[in-house]
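query-v2.cif, holding mmCIF, C-alpha atoms:
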data_target
#
loop_
_atom_site.group_PDB
_atom_site.id
_atom_site.type_symbol
_atom_site.label_atom_id
_atom_site.label_comp_id
_atom_site.auth_asym_id
_atom_site.auth_seq_id
_atom_site.Cartn_x
_atom_site.Cartn_y
_atom_site.Cartn_z
ATOM 1 C CA MET A 667 -4.326 9.302 -4.429
ATOM 2 C CA SER A 668 -0.967 10.896 -5.205
ATOM 3 C CA ALA A 669 -1.263 9.767 -8.841
ATOM 4 C CA ARG A 670 -4.540 11.699 -9.170
ATOM 5 C CA LEU A 671 -3.090 14.762 -7.505
ATOM 6 C CA THR A 672 0.038 14.675 -9.656
ATOM 7 C CA GLY A 673 -2.130 14.189 -12.747
ATOM 8 C CA ALA A 674 -4.166 17.221 -11.715
ATOM 9 C CA GLY A 675 -0.983 19.293 -11.721
ATOM 10 C CA VAL A 676 -0.515 20.045 -8.029
ATOM 11 C CA ALA A 677 2.817 21.623 -7.110
ATOM 12 C CA ALA A 678 3.485 19.365 -4.113
ATOM 13 C CA ILE A 679 1.810 16.754 -1.922
ATOM 14 C CA GLY A 680 2.304 16.715 1.845
ATOM 15 C CA PHE A 681 1.521 13.814 4.162
ATOM 16 C CA ASP A 682 1.474 14.712 7.859
ATOM 17 C CA VAL A 683 0.969 11.106 8.916
ATOM 18 C CA MET A 684 3.280 8.630 10.635
ATOM 19 C CA PHE A 685 3.548 5.417 8.611
ATOM 20 C CA ALA A 686 5.002 3.402 11.500
ATOM 21 C CA GLU A 687 3.999 -0.106 10.481
ATOM 22 C CA PRO A 688 3.170 -2.099 7.353
ATOM 23 C CA ASP A 689 -0.324 -1.795 5.901
ATOM 24 C CA ARG A 690 -2.464 -4.521 7.494
ATOM 25 C CA THR A 691 -4.801 -4.523 4.490
ATOM 26 C CA SER A 692 -2.130 -5.572 1.983
ATOM 27 C CA PRO A 693 -2.619 -8.975 0.322
ATOM 28 C CA GLN A 694 -0.053 -10.938 2.387
ATOM 29 C CA PRO A 695 -1.378 -9.923 5.836
ATOM 30 C CA ILE A 696 -4.964 -10.508 4.690
ATOM 31 C CA ALA A 697 -4.114 -13.980 3.396
ATOM 32 C CA ASP A 698 -2.529 -14.730 6.776
ATOM 33 C CA LEU A 699 -5.411 -13.218 8.767
ATOM 34 C CA TRP A 700 -8.035 -15.144 6.815
ATOM 35 C CA ARG A 701 -5.864 -18.292 6.928
ATOM 36 C CA LEU A 702 -6.219 -18.777 3.203
ATOM 37 C CA ASP A 703 -4.542 -21.616 1.386
ATOM 38 C CA GLY A 704 -4.364 -23.122 -2.066
ATOM 39 C CA SER A 705 -5.198 -21.217 -5.217
ATOM 40 C CA LEU A 706 -7.164 -18.496 -3.405
ATOM 41 C CA ARG A 707 -4.095 -17.661 -1.299
ATOM 42 C CA ARG A 708 -1.890 -17.564 -4.405
ATOM 43 C CA ASP A 709 -4.382 -15.283 -6.169
ATOM 44 C CA ILE A 710 -4.550 -12.896 -3.195
ATOM 45 C CA GLU A 711 -0.758 -12.872 -2.745
ATOM 46 C CA ALA A 712 -0.316 -12.094 -6.459
ATOM 47 C CA LEU A 713 -1.992 -8.729 -5.887
ATOM 48 C CA PRO A 714 0.344 -5.753 -5.371
ATOM 49 C CA ASP A 715 1.428 -4.806 -1.863
ATOM 50 C CA HIS A 716 -0.202 -1.534 -0.776
ATOM 51 C CA ASP A 717 2.957 -0.086 0.787
ATOM 52 C CA ARG A 718 4.931 -0.827 -2.375
ATOM 53 C CA LEU A 719 2.279 0.865 -4.535
ATOM 54 C CA PHE A 720 2.284 3.882 -2.237
ATOM 55 C CA SER A 721 6.066 4.182 -2.310
ATOM 56 C CA GLN A 722 6.090 3.897 -6.110
ATOM 57 C CA GLN A 723 3.568 6.728 -6.339
ATOM 58 C CA LEU A 724 5.642 8.856 -3.966
ATOM 59 C CA THR A 725 8.708 8.456 -6.183
ATOM 60 C CA GLN A 726 6.665 9.665 -9.158
ATOM 61 C CA SER A 727 5.326 12.739 -7.336
ATOM 62 C CA ASP A 728 6.688 15.813 -5.630
ATOM 63 C CA ALA A 729 5.746 14.564 -2.180
ATOM 64 C CA VAL A 730 6.839 15.532 1.312
ATOM 65 C CA LEU A 731 6.497 13.258 4.330
ATOM 66 C CA GLY A 732 6.396 14.659 7.856
ATOM 67 C CA PHE A 733 8.642 13.266 10.535
#

So that I can check it, write out the structure of this file as structure tokens.
Amino acid sequence: MSARLTGAGVAAIGFDVMFAEPDRTSPQPIADLWRLDGSLRRDIEALPDHDRLFSQQLTQSDAVLGF
């Protein structure tokens, strides 16, 4: 989302949300939840972590996080 906003030329992005825990929908937690193993688990775990993607986008944007 922040990549689209930055690409659209917004001056700043504000998130008034508490990010208190890791994203449960990232590949690693999903692989654990679904009890995957073998090649399917490796394929899922090879996908990028959602929190890491989000933090990378924040570093490339003028973003403000509430506290």

(request) Between atom CA of A:His716 and atom CA of A:Ser668, measure the distance and give it in Å to one decimal. (result)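 Taking atom CA of A:His716 and atom CA of A:Ser668, their separation equals 13.2 Å.
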
What is the atom CA of A:Glu711-atom CA of A:Glu687 distance in Å, reported with one decimal?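 Separation between atom CA of A:Glu711 and atom CA of A:Glu687: 19.0 Å.
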
**Prompt:** Restricting the calculation to only C-alpha atoms, which member of A:Val683, A:Leu702, A:Ser692, A:Arg670 is positioned closest to A:Pro714?
**Reply:**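 Distance minimum relative to A:Pro714 lands on A:Ser692.
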
Check your understanding: Between atom CA of A:Phe733 and atom CA of A:Gln694, what is the distance, to one decimal in Å?
Key ->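 Calculated distance between atom CA of A:Phe733 and atom CA of A:Gln694 is 27.0 Å.
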
Selection near A:Arg708, 12 Å with all atoms listed in the file, sequence-local residues under 3 positions removed, as a list in words: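 Once the nearby chain positions are removed, what remains is Pro693, Gln694, Ile696, Ala697, Asp698, Leu702, Asp703, Gly704, Ser705, Glu711, Ala712 and Leu713 of chain A.
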
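Take the candidates A:Leu706, A:Trp700, A:Ser727, A:Asp717 and check each one against A:Gly675 using only C-alpha atoms; the shortest distance goes to A:Ser727.
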
Suppose a student applies the PyMOL selection byres ((chain A and resi 729) around 12) to this structure; what residues should they get, written as a count of residues only? 24
